[in-house]
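In what follows, a structure is listed as structure tokens, so that the remarks can point back to it.
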Amino acid sequence: MSISKERWAELALHPVRIRILRSVAGGRRTTRDVANLLPDVPQATLYRHLAALVKGGLLDVVEERKVGGVAERVFALPPGGATLEGDALVAATPADHERYFTVFVSSLLAEFARYLARDRVDLVADGVGYQQVVLHLDDAEFAEFARGFGELLQPLLGNEPREGRVPRLLATVLMPLDPQPSQPPPPSTPNDDAGP
């Protein structure tokens, strides 16, 4: 997608638009489908955001069909998705990335709040989890991890919605941490060297 980082941010970094793009990811959705997936978004607001995403190139109209005398539009993400890439991503400043990350985290908080507001919440049965782990990896180990993770995920990205499939949000954050100072080994005591 050829779009400036400023225009992408203006279009994509909006809580309702993030949810619309997420609802269309991995499939084709009619306006009615999107409305059913986002029942808390007023219809006029939804139409306005859909139109802005289409006009901005972050959403494609892949089909129009007549339903009861009314034209129904079918939406899909453009080839390559709706993410910032290429020169626009390289040109993003640390301040830009801070803003993008803030919106990313805010959208996760909003999704989790919507989950917790359900009539029935069962984290174990629903497969809900969140955790932080630290992986100590050299560059080769990291490259192997990234390749393996991509190979695991890639076939699942093509799954179309169907009966029995639950849409599940997987969000990843991967970043280097500040190195911890090396700790010297504990001093040995005379008994440490003694045999049995």
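Scheme for the structure tokens: letters A, B, ... for chains in order shown; per-chain residue numbers from 1; ligand numbers from 1 in order shown.
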Original post:
Contacts of segment 104-117 of chain A at 8 Å or less, counting only C-alpha atoms, minus same-chain residues fewer than 3 places along, as a list in words?
Top reply: Pro15, Ile18, Tyr100, Phe101 and Val121 of chain A
**OP:** Considering only C-alpha atoms, return as a ChimeraX atom specification whatever protein or nucleic-acid residues lie within 12 Å of segment 70-72 of chain A, sequence-local ones (same chain, fewer than 3 positions apart) excluded.
**Re:** /A:29-33,61-67,75
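Once Val24 of chain A and its same-chain neighbours fewer than 6 positions away are set aside, Val34, Phe75, Ala76 and Leu77 of chain A remain within 8 Å of it when counting only C-alpha atoms.
Restricting the calculation to only C-alpha atoms, the smallest distance between Gln43 of chain A and any of A:Val16, A:Ala171, A:Leu177, A:Ala91 is found for A:Val16.
Nearest to Lys55 of chain A of all the residues A:Leu11, A:Met175, A:Val74, A:Leu169 is A:Leu11, counting only C-alpha atoms.
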Extract the full set of alpha helix (DSSP H) residues from segment 16-194 of chain A according to DSSP on the backbone, and format it as a short mmCIF file (atom, residue, chain, number, x, y, z; two decimals) with N, CA, C and O atoms, in the first residue's frame.
data_model
loop_
_atom_site.label_atom_id
_atom_site.label_comp_id
_atom_site.auth_asym_id
_atom_site.auth_seq_id
_atom_site.Cartn_x
_atom_site.Cartn_y
_atom_site.Cartn_z
N VAL A 16 -12.48 2.95 16.42
CA VAL A 16 -13.53 2.27 15.65
C VAL A 16 -12.96 1.70 14.37
O VAL A 16 -13.26 0.57 13.98
N ARG A 17 -12.07 2.43 13.72
CA ARG A 17 -11.49 1.94 12.46
C ARG A 17 -10.59 0.74 12.70
O ARG A 17 -10.54 -0.17 11.87
N ILE A 18 -9.88 0.73 13.82
CA ILE A 18 -9.07 -0.45 14.16
C ILE A 18 -9.98 -1.66 14.26
O ILE A 18 -9.67 -2.74 13.74
N ARG A 19 -11.11 -1.50 14.91
CA ARG A 19 -12.04 -2.63 15.07
C ARG A 19 -12.64 -3.04 13.73
O ARG A 19 -12.84 -4.23 13.48
N ILE A 20 -12.93 -2.09 12.86
CA ILE A 20 -13.46 -2.42 11.53
C ILE A 20 -12.42 -3.22 10.76
O ILE A 20 -12.73 -4.27 10.18
N LEU A 21 -11.19 -2.74 10.73
CA LEU A 21 -10.14 -3.44 10.00
C LEU A 21 -9.92 -4.84 10.56
O LEU A 21 -9.74 -5.80 9.81
N ARG A 22 -9.96 -4.96 11.87
CA ARG A 22 -9.80 -6.27 12.49
C ARG A 22 -10.95 -7.19 12.11
O ARG A 22 -10.77 -8.38 11.89
N SER A 23 -12.17 -6.63 12.03
CA SER A 23 -13.34 -7.47 11.72
C SER A 23 -13.30 -7.99 10.28
O SER A 23 -13.85 -9.04 9.98
N VAL A 24 -12.63 -7.27 9.41
CA VAL A 24 -12.56 -7.66 7.99
C VAL A 24 -11.33 -8.54 7.72
O VAL A 24 -11.31 -9.27 6.74
N THR A 31 -21.42 -4.91 4.83
CA THR A 31 -21.67 -3.86 5.83
C THR A 31 -22.47 -4.45 6.99
O THR A 31 -22.18 -4.17 8.16
N ARG A 32 -23.44 -5.29 6.68
CA ARG A 32 -24.25 -5.92 7.72
C ARG A 32 -23.39 -6.82 8.61
O ARG A 32 -23.56 -6.83 9.83
N ASP A 33 -22.46 -7.57 8.01
CA ASP A 33 -21.55 -8.41 8.80
C ASP A 33 -20.76 -7.57 9.80
O ASP A 33 -20.64 -7.92 10.97
N VAL A 34 -20.19 -6.47 9.29
CA VAL A 34 -19.38 -5.60 10.16
C VAL A 34 -20.26 -5.02 11.27
O VAL A 34 -19.86 -4.97 12.43
N ALA A 35 -21.46 -4.59 10.91
CA ALA A 35 -22.38 -4.03 11.92
C ALA A 35 -22.71 -5.07 12.98
O ALA A 35 -22.78 -4.74 14.17
N ASN A 36 -22.91 -6.32 12.58
CA ASN A 36 -23.20 -7.39 13.55
C ASN A 36 -22.01 -7.66 14.46
O ASN A 36 -22.19 -8.03 15.63
N LEU A 37 -20.80 -7.51 13.93
CA LEU A 37 -19.60 -7.74 14.73
C LEU A 37 -19.30 -6.57 15.67
O LEU A 37 -18.58 -6.74 16.66
N GLN A 43 -24.95 2.95 13.48
CA GLN A 43 -24.90 2.66 12.04
C GLN A 43 -24.31 3.81 11.24
O GLN A 43 -23.47 3.60 10.36
N ALA A 44 -24.73 5.05 11.52
CA ALA A 44 -24.21 6.20 10.77
C ALA A 44 -22.70 6.35 10.98
O ALA A 44 -21.96 6.65 10.04
N THR A 45 -22.25 6.11 12.19
CA THR A 45 -20.81 6.19 12.49
C THR A 45 -20.07 5.11 11.74
O THR A 45 -19.01 5.36 11.15
N LEU A 46 -20.62 3.90 11.73
CA LEU A 46 -19.99 2.79 11.02
C LEU A 46 -19.87 3.09 9.53
O LEU A 46 -18.80 2.92 8.94
N TYR A 47 -20.93 3.57 8.91
CA TYR A 47 -20.90 3.90 7.47
C TYR A 47 -19.85 4.97 7.19
O TYR A 47 -19.13 4.90 6.19
N ARG A 48 -19.76 5.97 8.06
CA ARG A 48 -18.80 7.05 7.86
C ARG A 48 -17.36 6.50 7.90
O ARG A 48 -16.53 6.84 7.06
N HIS A 49 -17.08 5.63 8.87
CA HIS A 49 -15.73 5.07 8.98
C HIS A 49 -15.41 4.10 7.85
O HIS A 49 -14.28 4.08 7.34
N LEU A 50 -16.38 3.30 7.43
CA LEU A 50 -16.17 2.42 6.28
C LEU A 50 -15.83 3.23 5.04
O LEU A 50 -14.90 2.90 4.30
N ALA A 51 -16.58 4.30 4.81
CA ALA A 51 -16.34 5.15 3.63
C ALA A 51 -14.94 5.76 3.68
O ALA A 51 -14.23 5.81 2.66
N ALA A 52 -14.51 6.21 4.87
CA ALA A 52 -13.18 6.81 4.99
C ALA A 52 -12.08 5.79 4.73
O ALA A 52 -11.08 6.09 4.07
N LEU A 53 -12.27 4.57 5.22
CA LEU A 53 -11.27 3.52 5.00
C LEU A 53 -11.18 3.12 3.53
O LEU A 53 -10.09 2.87 3.01
N VAL A 54 -12.33 3.06 2.85
CA VAL A 54 -12.33 2.74 1.42
C VAL A 54 -11.67 3.87 0.63
O VAL A 54 -10.78 3.62 -0.21
N LYS A 55 -12.06 5.09 0.92
CA LYS A 55 -11.49 6.24 0.21
C LYS A 55 -9.98 6.33 0.42
O LYS A 55 -9.23 6.67 -0.49
N GLY A 56 -9.52 5.99 1.63
CA GLY A 56 -8.10 6.06 1.93
C GLY A 56 -7.29 4.87 1.46
O GLY A 56 -6.07 4.87 1.57
N GLY A 86 7.17 -0.35 4.08
CA GLY A 86 8.13 0.27 3.17
C GLY A 86 8.71 1.57 3.69
O GLY A 86 9.04 1.72 4.87
N ASP A 87 8.83 2.53 2.77
CA ASP A 87 9.45 3.81 3.08
C ASP A 87 8.71 4.56 4.19
O ASP A 87 9.32 5.24 5.00
N ALA A 88 7.37 4.42 4.20
CA ALA A 88 6.59 5.13 5.23
C ALA A 88 6.92 4.60 6.62
O ALA A 88 7.01 5.36 7.58
N LEU A 89 7.13 3.30 6.73
CA LEU A 89 7.49 2.72 8.03
C LEU A 89 8.89 3.14 8.44
O LEU A 89 9.14 3.49 9.59
N VAL A 90 9.81 3.14 7.48
CA VAL A 90 11.18 3.54 7.76
C VAL A 90 11.23 5.01 8.18
O VAL A 90 12.01 5.40 9.05
N PRO A 94 10.66 8.09 16.25
CA PRO A 94 10.33 7.50 17.55
C PRO A 94 9.02 8.04 18.12
O PRO A 94 8.24 7.28 18.71
N ALA A 95 8.74 9.31 17.93
CA ALA A 95 7.46 9.88 18.40
C ALA A 95 6.27 9.25 17.66
O ALA A 95 5.22 8.98 18.27
N ASP A 96 6.44 9.00 16.35
CA ASP A 96 5.38 8.32 15.59
C ASP A 96 5.14 6.93 16.17
O ASP A 96 4.00 6.53 16.41
N HIS A 97 6.23 6.19 16.39
CA HIS A 97 6.09 4.84 16.91
C HIS A 97 5.47 4.83 18.31
O HIS A 97 4.70 3.94 18.64
N GLU A 98 5.80 5.82 19.10
CA GLU A 98 5.19 5.92 20.43
C GLU A 98 3.68 6.10 20.30
O GLU A 98 2.90 5.47 21.01
N ARG A 99 3.26 6.92 19.35
CA ARG A 99 1.83 7.13 19.12
C ARG A 99 1.18 5.85 18.58
O ARG A 99 0.12 5.44 19.04
N TYR A 100 1.82 5.18 17.62
CA TYR A 100 1.26 3.94 17.07
C TYR A 100 1.11 2.89 18.18
O TYR A 100 0.10 2.20 18.26
N PHE A 101 2.15 2.78 19.02
CA PHE A 101 2.13 1.77 20.08
C PHE A 101 1.06 2.11 21.12
O PHE A 101 0.39 1.21 21.63
N THR A 102 0.90 3.37 21.42
CA THR A 102 -0.14 3.79 22.37
C THR A 102 -1.52 3.39 21.86
O THR A 102 -2.35 2.87 22.61
N VAL A 103 -1.77 3.61 20.58
CA VAL A 103 -3.06 3.21 20.01
C VAL A 103 -3.21 1.70 20.03
O VAL A 103 -4.27 1.16 20.35
N PHE A 104 -2.14 0.98 19.71
CA PHE A 104 -2.14 -0.48 19.74
C PHE A 104 -2.52 -0.99 21.13
O PHE A 104 -3.42 -1.81 21.29
N VAL A 105 -1.86 -0.47 22.15
CA VAL A 105 -2.14 -0.91 23.52
C VAL A 105 -3.55 -0.49 23.94
O VAL A 105 -4.27 -1.26 24.58
N SER A 106 -3.95 0.71 23.56
CA SER A 106 -5.31 1.18 23.89
C SER A 106 -6.37 0.28 23.27
O SER A 106 -7.39 -0.02 23.89
N SER A 107 -6.14 -0.16 22.04
CA SER A 107 -7.12 -1.03 21.39
C SER A 107 -7.18 -2.38 22.10
O SER A 107 -8.25 -2.97 22.23
N LEU A 108 -6.04 -2.89 22.58
CA LEU A 108 -6.04 -4.13 23.35
C LEU A 108 -6.83 -3.96 24.65
O LEU A 108 -7.62 -4.83 25.04
N LEU A 109 -6.61 -2.84 25.33
CA LEU A 109 -7.36 -2.57 26.56
C LEU A 109 -8.85 -2.52 26.30
O LEU A 109 -9.65 -3.06 27.06
N ALA A 110 -9.24 -1.86 25.21
CA ALA A 110 -10.66 -1.76 24.87
C ALA A 110 -11.25 -3.13 24.55
O ALA A 110 -12.36 -3.45 24.99
N GLU A 111 -10.52 -3.97 23.80
CA GLU A 111 -11.02 -5.31 23.49
C GLU A 111 -11.17 -6.14 24.75
O GLU A 111 -12.14 -6.87 24.93
N PHE A 112 -10.20 -6.03 25.65
CA PHE A 112 -10.27 -6.80 26.89
C PHE A 112 -11.42 -6.31 27.77
O PHE A 112 -12.12 -7.12 28.37
N ALA A 113 -11.64 -5.01 27.79
CA ALA A 113 -12.78 -4.46 28.56
C ALA A 113 -14.10 -4.97 27.98
O ALA A 113 -15.02 -5.31 28.74
N ARG A 114 -14.21 -5.04 26.64
CA ARG A 114 -15.42 -5.57 26.02
C ARG A 114 -15.60 -7.05 26.38
O ARG A 114 -16.71 -7.50 26.65
N TYR A 115 -14.50 -7.79 26.41
CA TYR A 115 -14.58 -9.19 26.81
C TYR A 115 -15.07 -9.31 28.25
O TYR A 115 -15.97 -10.10 28.55
N LEU A 116 -14.50 -8.52 29.16
CA LEU A 116 -14.88 -8.60 30.57
C LEU A 116 -16.31 -8.14 30.82
O LEU A 116 -16.90 -8.50 31.84
N LEU A 123 -12.13 -17.23 31.68
CA LEU A 123 -10.84 -17.12 31.01
C LEU A 123 -10.27 -18.46 30.60
O LEU A 123 -9.70 -18.59 29.51
N VAL A 124 -10.45 -19.48 31.43
CA VAL A 124 -9.91 -20.81 31.10
C VAL A 124 -10.66 -21.41 29.91
O VAL A 124 -10.05 -21.83 28.92
N ALA A 125 -11.99 -21.44 29.98
CA ALA A 125 -12.78 -22.03 28.89
C ALA A 125 -12.63 -21.24 27.60
O ALA A 125 -12.64 -21.82 26.51
N ASP A 126 -12.47 -19.91 27.71
CA ASP A 126 -12.35 -19.07 26.52
C ASP A 126 -10.93 -19.03 25.97
O ASP A 126 -10.68 -18.45 24.92
N ASP A 139 21.45 -13.57 17.79
CA ASP A 139 20.80 -13.20 16.52
C ASP A 139 20.32 -14.42 15.74
O ASP A 139 19.24 -14.42 15.16
N ALA A 140 21.13 -15.47 15.73
CA ALA A 140 20.73 -16.68 14.98
C ALA A 140 19.54 -17.36 15.64
O ALA A 140 18.61 -17.80 14.96
N GLU A 141 19.54 -17.42 16.96
CA GLU A 141 18.41 -18.03 17.67
C GLU A 141 17.14 -17.20 17.46
O GLU A 141 16.05 -17.75 17.30
N PHE A 142 17.29 -15.88 17.47
CA PHE A 142 16.13 -15.02 17.24
C PHE A 142 15.58 -15.22 15.83
O PHE A 142 14.36 -15.32 15.63
N ALA A 143 16.46 -15.29 14.84
CA ALA A 143 16.02 -15.51 13.46
C ALA A 143 15.28 -16.84 13.34
O ALA A 143 14.25 -16.93 12.67
N GLU A 144 15.77 -17.88 14.01
CA GLU A 144 15.11 -19.19 13.99
C GLU A 144 13.75 -19.13 14.66
O GLU A 144 12.77 -19.69 14.18
N PHE A 145 13.68 -18.42 15.79
CA PHE A 145 12.40 -18.25 16.49
C PHE A 145 11.39 -17.53 15.58
O PHE A 145 10.25 -17.98 15.44
N ALA A 146 11.81 -16.43 14.97
CA ALA A 146 10.91 -15.65 14.11
C ALA A 146 10.44 -16.49 12.92
O ALA A 146 9.26 -16.45 12.55
N ARG A 147 11.35 -17.27 12.32
CA ARG A 147 10.97 -18.12 11.19
C ARG A 147 9.96 -19.17 11.64
O ARG A 147 8.93 -19.39 11.01
N GLY A 148 10.23 -19.83 12.74
CA GLY A 148 9.32 -20.87 13.24
C GLY A 148 7.97 -20.32 13.62
O GLY A 148 6.93 -20.93 13.34
N PHE A 149 7.94 -19.14 14.24
CA PHE A 149 6.68 -18.52 14.62
C PHE A 149 5.88 -18.18 13.37
O PHE A 149 4.68 -18.41 13.30
N GLY A 150 6.56 -17.63 12.37
CA GLY A 150 5.90 -17.30 11.11
C GLY A 150 5.34 -18.53 10.41
O GLY A 150 4.23 -18.51 9.90
N GLU A 151 6.11 -19.62 10.42
CA GLU A 151 5.64 -20.87 9.80
C GLU A 151 4.44 -21.44 10.54
O GLU A 151 3.54 -22.01 9.93
N LEU A 152 4.40 -21.28 11.85
CA LEU A 152 3.28 -21.76 12.64
C LEU A 152 2.03 -20.94 12.37
O LEU A 152 0.92 -21.47 12.24
N LEU A 153 2.20 -19.64 12.26
CA LEU A 153 1.07 -18.72 12.13
C LEU A 153 0.51 -18.65 10.70
O LEU A 153 -0.70 -18.54 10.50
N GLN A 154 1.37 -18.70 9.71
CA GLN A 154 0.97 -18.45 8.31
C GLN A 154 -0.22 -19.28 7.83
O GLN A 154 -1.16 -18.73 7.28
N PRO A 155 -0.24 -20.58 8.04
CA PRO A 155 -1.39 -21.35 7.53
C PRO A 155 -2.70 -20.98 8.21
O PRO A 155 -3.77 -21.11 7.63
N LEU A 156 -2.64 -20.49 9.45
CA LEU A 156 -3.86 -20.15 10.18
C LEU A 156 -4.45 -18.82 9.73
O LEU A 156 -5.65 -18.59 9.90
N LEU A 157 -3.62 -17.96 9.14
CA LEU A 157 -4.11 -16.64 8.71
C LEU A 157 -5.12 -16.75 7.58
O LEU A 157 -5.93 -15.86 7.37
#
**OP:** Mind the document's chain letters and residue numbers, and return as a VMD selection string the residues of chain A that DSSP labels strand (DSSP E).
**Re:** chain A and resid 29 to 30 60 to 67 70 to 76
Let me see the file: selected residues, N, CA and C atoms, as a tab-separated table (two decimals), in the first residue's frame.
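Output file result.tsv follows:
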chain	number	residue	atom	x	y	z
A	29	ARG	N	-16.38	-9.24	4.22
A	29	ARG	CA	-17.49	-8.88	5.09
A	29	ARG	C	-18.39	-7.85	4.41
A	30	THR	N	-19.69	-8.07	4.55
A	30	THR	CA	-20.65	-7.06	4.09
A	30	THR	C	-20.77	-6.00	5.18
A	60	ASP	N	-10.91	-2.40	0.69
A	60	ASP	CA	-11.37	-2.52	-0.69
A	60	ASP	C	-12.82	-2.97	-0.73
A	61	VAL	N	-13.57	-2.45	-1.70
A	61	VAL	CA	-14.89	-2.98	-2.01
A	61	VAL	C	-14.65	-4.02	-3.09
A	62	VAL	N	-14.84	-5.29	-2.74
A	62	VAL	CA	-14.52	-6.38	-3.66
A	62	VAL	C	-15.74	-6.89	-4.41
A	63	GLU	N	-16.92	-6.45	-3.99
A	63	GLU	CA	-18.15	-6.90	-4.65
A	63	GLU	C	-19.28	-5.97	-4.25
A	64	GLU	N	-20.20	-5.76	-5.17
A	64	GLU	CA	-21.45	-5.07	-4.86
A	64	GLU	C	-22.57	-5.92	-5.42
A	65	ARG	N	-23.58	-6.18	-4.59
A	65	ARG	CA	-24.69	-7.00	-5.05
A	65	ARG	C	-26.00	-6.40	-4.55
A	66	LYS	N	-27.05	-6.69	-5.28
A	66	LYS	CA	-28.38	-6.19	-4.91
A	66	LYS	C	-29.02	-7.14	-3.91
A	67	VAL	N	-29.48	-6.58	-2.80
A	67	VAL	CA	-30.19	-7.33	-1.78
A	67	VAL	C	-31.44	-6.53	-1.43
A	70	VAL	N	-31.44	-2.95	-2.67
A	70	VAL	CA	-30.39	-2.08	-2.14
A	70	VAL	C	-29.04	-2.69	-2.48
A	71	ALA	N	-28.10	-1.84	-2.86
A	71	ALA	CA	-26.75	-2.31	-3.17
A	71	ALA	C	-26.02	-2.63	-1.87
A	72	GLU	N	-25.55	-3.88	-1.76
A	72	GLU	CA	-24.79	-4.31	-0.59
A	72	GLU	C	-23.33	-4.42	-1.00
A	73	ARG	N	-22.47	-3.78	-0.25
A	73	ARG	CA	-21.04	-3.81	-0.54
A	73	ARG	C	-20.35	-4.88	0.30
A	74	VAL	N	-19.37	-5.53	-0.33
A	74	VAL	CA	-18.57	-6.54	0.35
A	74	VAL	C	-17.15	-6.00	0.44
A	75	PHE	N	-16.60	-6.01	1.66
A	75	PHE	CA	-15.28	-5.42	1.92
A	75	PHE	C	-14.23	-6.49	2.18
A	76	ALA	N	-13.00	-6.16	1.85
A	76	ALA	CA	-11.84	-7.00	2.18
A	76	ALA	C	-10.65	-6.07	2.34
